[in-house]
$ cat run-v9.cif   # mmCIF, C-alpha atoms
data_target
#
loop_
_atom_site.label_atom_id
_atom_site.label_comp_id
_atom_site.auth_asym_id
_atom_site.auth_seq_id
_atom_site.Cartn_x
_atom_site.Cartn_y
_atom_site.Cartn_z
CA MET M 278 53.46 48.43 221.86
CA THR M 279 55.62 51.41 220.95
CA ASP M 280 57.97 53.27 223.24
CA TYR M 281 56.47 56.36 224.82
CA VAL M 282 58.72 59.33 225.41
CA PRO M 283 57.19 61.62 228.07
CA PRO M 284 57.24 65.32 227.26
CA ARG M 285 59.12 67.68 229.55
CA VAL M 286 55.80 69.01 230.88
CA TRP M 287 52.67 66.87 231.02
CA GLU M 288 49.52 68.28 229.46
CA PRO M 289 46.02 66.78 229.88
CA LYS M 290 44.64 64.77 226.98
CA PRO M 291 41.09 63.56 226.31
CA ALA M 292 40.50 60.74 228.77
CA LEU M 293 39.83 57.21 227.49
CA GLY M 294 38.15 54.16 228.91
CA ARG M 295 35.24 53.38 231.19
CA PHE M 296 36.01 56.11 233.71
CA ALA M 297 36.92 58.85 231.25
CA ALA M 298 34.00 61.08 232.22
CA ILE M 299 35.04 61.31 235.86
CA ASN M 300 38.82 61.62 235.58
CA ARG M 301 40.15 65.15 236.00
CA PRO M 302 43.52 66.63 237.04
CA GLU M 303 42.17 69.08 239.62
CA ALA M 304 40.22 68.95 242.87
CA GLY M 305 37.18 70.86 244.03
CA PRO M 306 33.47 70.93 243.18
CA THR M 307 32.13 71.15 239.65
CA HIS M 308 28.60 72.11 240.64
CA GLU M 309 26.40 73.06 243.56
CA ALA M 310 24.53 70.12 245.10
CA ALA M 311 23.40 69.71 248.70
CA LEU M 312 23.50 66.23 250.23
CA PRO M 313 20.35 64.60 251.63
CA VAL M 314 20.12 63.99 255.37
CA GLY M 315 18.12 61.17 256.93
CA GLU M 316 16.84 60.57 260.46
CA HIS M 317 19.80 58.67 261.91
CA PRO M 318 22.93 60.15 263.52
CA LEU M 319 25.20 58.40 261.01
CA GLN M 320 24.87 59.56 257.40
CA LEU M 321 26.85 57.58 254.84
CA TYR M 322 27.37 58.79 251.27
CA SER M 323 28.78 55.93 249.28
CA LEU M 324 28.69 53.35 246.50
CA GLY M 325 28.89 49.57 246.76
CA THR M 326 32.48 49.27 245.58
CA PRO M 327 34.93 47.36 247.78
CA ASN M 328 35.79 50.56 249.66
CA GLY M 329 32.11 51.32 250.18
CA GLN M 330 31.35 47.76 251.28
CA LYS M 331 33.90 47.98 254.08
CA VAL M 332 31.82 50.59 255.88
CA THR M 333 28.35 49.15 255.30
CA ILE M 334 29.55 45.72 256.40
CA PHE M 335 30.97 47.22 259.58
CA LEU M 336 27.80 49.17 260.33
CA GLU M 337 25.70 46.04 259.86
CA GLU M 338 28.09 44.07 262.09
CA LEU M 339 27.76 46.75 264.78
CA LEU M 340 23.97 46.58 264.59
CA ALA M 341 24.03 42.77 264.70
CA ALA M 342 26.19 42.99 267.82
CA GLY M 343 23.58 45.17 269.54
CA HIS M 344 25.02 48.66 269.02
CA GLY M 345 21.78 50.50 268.34
CA GLY M 346 23.60 53.81 267.98
CA ALA M 347 25.08 52.51 264.72
CA GLU M 348 21.78 52.94 262.85
CA TYR M 349 22.52 54.76 259.64
CA ASP M 350 21.23 56.14 256.38
CA ALA M 351 23.22 55.09 253.31
CA TRP M 352 22.82 57.40 250.33
CA PHE M 353 23.81 56.34 246.82
CA ILE M 354 26.53 58.46 245.21
CA ASP M 355 26.64 57.89 241.45
CA ILE M 356 30.29 58.46 240.60
CA MET M 357 29.68 57.86 236.89
CA GLU M 358 27.37 60.89 236.97
CA GLY M 359 29.94 62.96 238.87
CA GLN M 360 27.93 63.29 242.08
CA GLN M 361 31.16 63.09 244.08
CA PHE M 362 32.06 66.49 242.65
CA GLY M 363 28.96 68.20 244.03
CA SER M 364 29.66 70.98 246.54
CA GLY M 365 28.00 69.12 249.41
CA PHE M 366 30.07 65.99 248.89
CA VAL M 367 33.33 67.90 248.44
CA GLU M 368 32.61 69.67 251.72
CA ILE M 369 32.72 66.37 253.60
CA ASN M 370 35.46 64.81 251.46
CA PRO M 371 37.76 67.23 249.63
CA ASN M 372 39.24 64.24 247.81
CA SER M 373 35.89 63.49 246.08
CA LYS M 374 36.06 59.75 246.74
CA ILE M 375 33.52 57.44 248.34
CA PRO M 376 32.81 56.56 251.09
CA ALA M 377 32.28 59.63 253.26
CA LEU M 378 30.50 59.70 256.62
CA VAL M 379 28.93 62.44 258.70
CA ASP M 380 28.34 61.72 262.39
CA ARG M 381 25.56 63.99 263.66
CA SER M 382 25.34 62.46 267.13
CA GLY M 383 27.32 65.26 268.81
CA ALA M 384 26.83 68.99 269.23
CA GLU M 385 28.37 69.60 265.80
CA PRO M 386 28.40 67.31 262.75
CA ARG M 387 31.72 65.50 262.30
CA ARG M 388 32.96 64.47 258.88
CA VAL M 389 35.04 61.32 258.39
CA PHE M 390 36.52 60.40 255.02
CA GLU M 391 38.79 57.61 253.75
CA SER M 392 37.43 54.11 254.36
CA GLY M 393 40.18 53.09 256.77
CA ALA M 394 39.65 56.24 258.84
CA ILE M 395 35.90 55.55 258.95
CA LEU M 396 36.46 51.98 260.18
CA LEU M 397 38.85 53.14 262.87
CA TYR M 398 36.58 56.02 263.92
CA LEU M 399 33.58 53.73 264.30
CA ALA M 400 35.56 51.01 266.06
CA GLU M 401 36.75 53.53 268.64
CA LYS M 402 33.35 55.21 268.93
CA PHE M 403 31.58 51.93 269.72
CA GLY M 404 34.48 50.09 271.33
CA ALA M 405 34.03 47.12 269.02
CA PHE M 406 35.82 44.89 266.51
CA MET M 407 39.35 46.08 267.25
CA GLY M 408 40.45 42.54 268.09
CA ALA M 409 42.43 41.39 271.11
CA ASP M 410 45.62 42.93 269.72
CA ARG M 411 44.94 46.50 268.61
CA THR M 412 48.38 46.93 267.08
CA GLU M 413 48.06 43.80 264.96
CA THR M 414 44.62 44.92 263.79
CA LEU M 415 46.05 48.28 262.74
CA ASN M 416 48.99 46.54 261.02
CA TRP M 417 46.61 44.72 258.69
CA LEU M 418 44.17 47.61 258.31
CA PHE M 419 46.93 49.88 257.06
CA TRP M 420 48.45 47.07 254.99
CA GLN M 421 45.14 46.92 253.16
CA MET M 422 45.00 50.68 252.64
CA GLY M 423 48.47 50.67 251.11
CA SER M 424 48.20 47.42 249.14
CA ALA M 425 44.71 47.33 247.63
CA PRO M 426 45.32 50.22 245.19
CA PHE M 427 47.79 47.93 243.41
CA LEU M 428 45.10 45.25 243.23
CA GLY M 429 42.26 47.54 242.09
CA GLY M 430 43.71 50.60 240.39
CA GLY M 431 46.66 48.56 239.18
CA PHE M 432 45.71 44.98 238.27
CA GLY M 433 41.95 45.48 238.09
CA HIS M 434 42.22 48.58 235.93
CA PHE M 435 44.67 47.22 233.37
CA PHE M 436 43.18 43.71 233.30
CA ALA M 437 39.49 44.66 233.13
CA TYR M 438 38.94 48.34 232.40
CA ALA M 439 41.76 49.89 230.38
CA PRO M 440 40.75 50.68 226.77
CA VAL M 441 43.77 48.71 225.50
CA LYS M 442 45.50 45.63 226.89
CA ILE M 443 49.08 46.47 227.83
CA GLU M 444 51.12 43.34 228.50
CA TYR M 445 53.74 45.06 230.65
CA ALA M 446 51.14 46.71 232.90
CA ILE M 447 49.06 43.54 233.32
CA ASP M 448 52.14 41.43 234.05
CA ARG M 449 53.48 44.00 236.51
CA PHE M 450 50.28 44.21 238.53
CA ALA M 451 49.37 40.53 238.25
CA MET M 452 52.69 39.74 239.90
CA GLU M 453 51.90 42.18 242.69
CA ALA M 454 48.34 40.86 243.10
CA LYS M 455 49.65 37.32 243.48
CA ARG M 456 52.33 38.46 245.92
CA GLN M 457 49.66 40.11 248.07
CA LEU M 458 47.46 37.02 247.96
CA SER M 459 50.51 35.03 249.05
CA VAL M 460 51.09 37.40 251.98
CA LEU M 461 47.48 36.90 253.08
CA ASP M 462 47.58 33.14 252.52
CA ARG M 463 50.68 32.73 254.66
CA ARG M 464 49.11 34.80 257.43
CA LEU M 465 45.81 32.94 257.31
CA ALA M 466 47.61 29.59 257.42
CA GLU M 467 48.51 30.42 261.03
CA SER M 468 45.51 32.49 262.11
CA GLU M 469 41.74 32.20 261.75
CA PHE M 470 41.43 35.90 260.97
CA VAL M 471 44.05 38.33 259.74
CA ALA M 472 44.71 40.01 263.10
CA GLY M 473 44.45 36.84 265.19
CA ALA M 474 41.65 34.77 266.65
CA ASP M 475 39.14 37.64 266.59
CA TYR M 476 37.18 38.92 263.60
CA SER M 477 38.00 42.62 263.31
CA ILE M 478 37.87 45.75 261.17
CA ALA M 479 41.02 44.45 259.46
CA ASP M 480 39.01 41.53 258.01
CA MET M 481 36.21 43.90 257.02
CA ALA M 482 38.69 46.10 255.18
CA LEU M 483 40.39 43.22 253.37
CA TRP M 484 37.46 40.99 252.50
CA PRO M 485 35.66 43.20 249.92
CA TRP M 486 38.90 43.40 247.93
CA TYR M 487 40.64 40.04 248.26
CA GLY M 488 37.56 37.99 249.07
CA SER M 489 35.82 39.30 245.96
CA VAL M 490 38.79 38.28 243.80
CA VAL M 491 39.13 34.74 245.14
CA MET M 492 35.34 34.26 245.02
CA ASN M 493 35.31 35.33 241.36
CA ARG M 494 33.05 38.37 241.83
CA VAL M 495 35.18 41.11 240.27
CA TYR M 496 37.32 41.58 237.15
CA GLU M 497 35.82 38.93 234.90
CA GLY M 498 38.31 36.14 234.29
CA ALA M 499 40.66 37.34 237.03
CA ALA M 500 40.15 34.37 239.37
CA GLU M 501 41.34 31.94 236.70
CA PHE M 502 44.05 34.29 235.44
CA LEU M 503 45.53 34.64 238.93
CA SER M 504 45.06 30.93 239.80
CA VAL M 505 43.29 31.85 243.03
CA HIS M 506 42.77 28.16 243.87
CA GLU M 507 46.39 28.21 245.02
CA TYR M 508 45.46 30.37 248.02
CA ARG M 509 43.38 27.86 249.96
CA HIS M 510 43.67 29.68 253.30
CA VAL M 511 42.40 32.89 251.72
CA GLN M 512 39.56 30.87 250.19
CA ARG M 513 38.63 29.42 253.60
CA TRP M 514 38.66 32.86 255.21
CA ALA M 515 36.72 34.50 252.35
CA GLU M 516 33.95 31.89 252.43
CA ALA M 517 33.60 32.07 256.22
CA ILE M 518 33.17 35.85 256.16
CA ASP M 519 30.82 35.67 253.18
CA ALA M 520 28.47 33.48 255.22
CA ARG M 521 28.02 36.08 257.98
CA PRO M 522 24.48 37.59 257.88
CA ALA M 523 25.77 41.12 258.50
CA VAL M 524 28.21 40.76 255.61
CA ARG M 525 25.43 39.53 253.33
CA ARG M 526 23.48 42.66 254.19
CA GLY M 527 26.35 45.11 254.09
CA ARG M 528 27.68 44.04 250.72
CA VAL M 529 24.40 44.78 248.91
CA VAL M 530 23.97 48.34 250.24
CA ASN M 531 24.50 50.93 247.46
CA ALA M 532 25.44 48.00 245.21
CA VAL M 533 26.10 48.54 241.51
CA ARG M 534 26.59 44.94 240.39
CA GLY M 535 25.47 41.47 241.34
CA GLU M 536 22.21 40.44 242.95
CA PRO M 537 20.55 41.46 245.15
CA GLN M 538 21.05 45.22 245.27
CA LEU M 539 19.81 47.81 247.75
CA ARG M 540 20.30 51.28 246.28
CA GLU M 541 19.72 53.11 249.58
CA ARG M 542 19.46 51.87 253.15
CA HIS M 543 17.49 53.74 255.83
CA SER M 544 16.38 50.95 258.18
CA ALA M 545 16.68 47.20 258.70
CA ALA M 546 13.26 46.83 257.06
CA ASN M 547 14.84 47.71 253.72
CA PHE M 548 16.43 44.26 253.65
CA GLU M 549 13.20 42.32 254.12
CA PRO M 550 12.14 42.24 250.44
CA LEU M 551 15.61 40.87 249.66
CA GLY M 552 15.31 38.05 252.18
CA LEU M 553 18.22 39.42 254.22
#

$ encode --input "run-v9.cif" --output "structure tokens"
Amino acid sequence: MTDYVPPRVWEPKPALGRFAAINRPEAGPTHEAALPVGEHPLQLYSLGTPNGQKVTIFLEELLAAGHGGAEYDAWFIDIMEGQQFGSGFVEINPNSKIPALVDRSGAEPRRVFESGAILLYLAEKFGAFMGADRTETLNWLFWQMGSAPFLGGGFGHFFAYAPVKIEYAIDRFAMEAKRQLSVLDRRLAESEFVAGADYSIADMALWPWYGSVVMNRVYEGAAEFLSVHEYRHVQRWAEAIDARPAVRRGRVVNAVRGEPQLRERHSAANFEPLGL
């Protein structure tokens, strides 16, 4: 590794690595593309990444709990093809990131973007899964929103996706990933779920990120590298949530890896061929 001296003014260079084709230094649409609209009030435009899984898991949990108004269409957004930069998608999320939701149940369609905002919006709309202590639920929901980028965009990127292995970057973010797992482990040593005795949107936000790591489903080799066996309370929590039928359904919607996969979801019948 050689020392890098930043120039006085940064200039874009040809992007490298797995996500080179979709990285750009400016916002806004690159092309005109209308979004499809299905028959349900809730229209989700997403991809089965951890951030996308948060929302589909929550929608399936709402339906399992009897909230029929939570029926939804989930449309696949192929970020590797740049569909998030289409004019229709940018209109509902100017940040061009999945997931994005449109609620058409009112007089006017209502856009909701950012996964944490979507979880909170739906929890308040249906009066469900906020836990007994709303403040504690929000503590952990926003902890996830602030912490997970260091796990994914930091550790995950440099460990699994960067075109070169940079020791400093991997060490820096591995230390932070383990610190976060330690925070969760200490909390889950004293509580069944992260916000207390009740399963809540905080668990649904955290599980696709931290559960996937400790269950060895993302960043090949990361579970061993991070010695995830040390976090036995996180393991217990991750396995318990993984066993929930709604979670098993939600995590396969718009999925891009693993088996099974459900590219789009428009009704509960879509799960039947998958045995879910």

$ resolve_selection --input "run-v9.cif" --expression "the PyMOL selection byres ((chain M and resi 326-343) around 7)" --output "list in words"
Ser323, Leu324, Gly325, His344, Gly345, Ala347, Glu348, Ile375, Pro376, Ser392, Leu396, Met481, Ala482, Pro485, Trp486, Ala523, Val524, Arg526, Gly527, Arg528 and Val530 of chain M

$ axis_aligned_box --input "run-v9.cif" --around "range 328-335 of chain M" --padding-each-side "6 Å" --output "AutoDock Vina command-line options"
--center_x 32.1 --center_y 48.5 --center_z 254.6 --size_x 19.4 --size_y 17.6 --size_z 21.9

$ closest_residue --input "run-v9.cif" --among "M:Arg449, M:Lys402, M:Lys442, M:Arg411" --to "Gly383 in chain M" --atoms "only C-alpha atoms"
M:Lys402

$ resolve_selection --input "run-v9.cif" --expression "the PyMOL selection byres ((chain M and resi 434) around 12)" --output "ChimeraX atom specification"
/M:294-296,426-433,435-443,446-447,450-451,495-497,499

$ atom_distance --input "run-v9.cif" --atom1 "CA of Ala394 in chain M" --atom2 "CA of Tyr349 in chain M"
17.2 Å

$ atom_distance --input "run-v9.cif" --atom1 "CA of Arg525 in chain M" --atom2 "CA of Leu553 in chain M"
7.3 Å

$ closest_residue --input "run-v9.cif" --among "M:Leu483, M:Val511, M:Ala520, M:Leu418" --to "Glu469 in chain M" --atoms "all atoms listed in the file"
M:Val511

$ residues_around --input "run-v9.cif" --residues "range 359-362 of chain M" --least-positions-apart "4" --cutoff "10 Å" --atoms "all atoms listed in the file" --output "list in words"
Ala298, Ile299, Asn300, Ala304, Gly305, Pro306, Thr307, His308, Glu309, Ala310, Leu312, Tyr322, Ser323, Phe353, Ile354, Asp355, Phe366, Val367, Glu368, Asn370, Pro371, Asn372, Ser373, Lys374, Ile375, Pro376 and Ala377 of chain M

$ write_last_selection --input "run-v9.cif" --atoms "C-alpha atoms" --output "PDB file, in the coordinates of the input"
ATOM      1  CA  ALA M 298      34.000  61.080 232.220  1.00  0.00           C
ATOM      2  CA  ILE M 299      35.040  61.310 235.860  1.00  0.00           C
ATOM      3  CA  ASN M 300      38.820  61.620 235.580  1.00  0.00           C
ATOM      4  CA  ALA M 304      40.220  68.950 242.870  1.00  0.00           C
ATOM      5  CA  GLY M 305      37.180  70.860 244.030  1.00  0.00           C
ATOM      6  CA  PRO M 306      33.470  70.930 243.180  1.00  0.00           C
ATOM      7  CA  THR M 307      32.130  71.150 239.650  1.00  0.00           C
ATOM      8  CA  HIS M 308      28.600  72.110 240.640  1.00  0.00           C
ATOM      9  CA  GLU M 309      26.400  73.060 243.560  1.00  0.00           C
ATOM     10  CA  ALA M 310      24.530  70.120 245.100  1.00  0.00           C
ATOM     11  CA  LEU M 312      23.500  66.230 250.230  1.00  0.00           C
ATOM     12  CA  TYR M 322      27.370  58.790 251.270  1.00  0.00           C
ATOM     13  CA  SER M 323      28.780  55.930 249.280  1.00  0.00           C
ATOM     14  CA  PHE M 353      23.810  56.340 246.820  1.00  0.00           C
ATOM     15  CA  ILE M 354      26.530  58.460 245.210  1.00  0.00           C
ATOM     16  CA  ASP M 355      26.640  57.890 241.450  1.00  0.00           C
ATOM     17  CA  PHE M 366      30.070  65.990 248.890  1.00  0.00           C
ATOM     18  CA  VAL M 367      33.330  67.900 248.440  1.00  0.00           C
ATOM     19  CA  GLU M 368      32.610  69.670 251.720  1.00  0.00           C
ATOM     20  CA  ASN M 370      35.460  64.810 251.460  1.00  0.00           C
ATOM     21  CA  PRO M 371      37.760  67.230 249.630  1.00  0.00           C
ATOM     22  CA  ASN M 372      39.240  64.240 247.810  1.00  0.00           C
ATOM     23  CA  SER M 373      35.890  63.490 246.080  1.00  0.00           C
ATOM     24  CA  LYS M 374      36.060  59.750 246.740  1.00  0.00           C
ATOM     25  CA  ILE M 375      33.520  57.440 248.340  1.00  0.00           C
ATOM     26  CA  PRO M 376      32.810  56.560 251.090  1.00  0.00           C
ATOM     27  CA  ALA M 377      32.280  59.630 253.260  1.00  0.00           C
TER      28      ALA M 377
END

$ residues_around --input "run-v9.cif" --residues "range 284-288 of chain M" --least-positions-apart "4" --cutoff "12 Å" --atoms "only C-alpha atoms" --output "list in words"
Ala292, Arg301 and Pro302 of chain M

$ write_last_selection --input "run-v9.cif" --atoms "C-alpha atoms" --output "mmCIF file, keeping the file's coordinate frame"
data_model
loop_
_atom_site.group_PDB
_atom_site.id
_atom_site.type_symbol
_atom_site.label_atom_id
_atom_site.label_comp_id
_atom_site.auth_asym_id
_atom_site.auth_seq_id
_atom_site.Cartn_x
_atom_site.Cartn_y
_atom_site.Cartn_z
ATOM 1 C CA ALA M 292 40.500 60.740 228.770
ATOM 2 C CA ARG M 301 40.150 65.150 236.000
ATOM 3 C CA PRO M 302 43.520 66.630 237.040
#

$ residues_near_point --input "run-v9.cif" --point "(27.4, 67.5, 261.0)" --cutoff "12 Å" --atoms "only C-alpha atoms" --output "count of residues only"
23
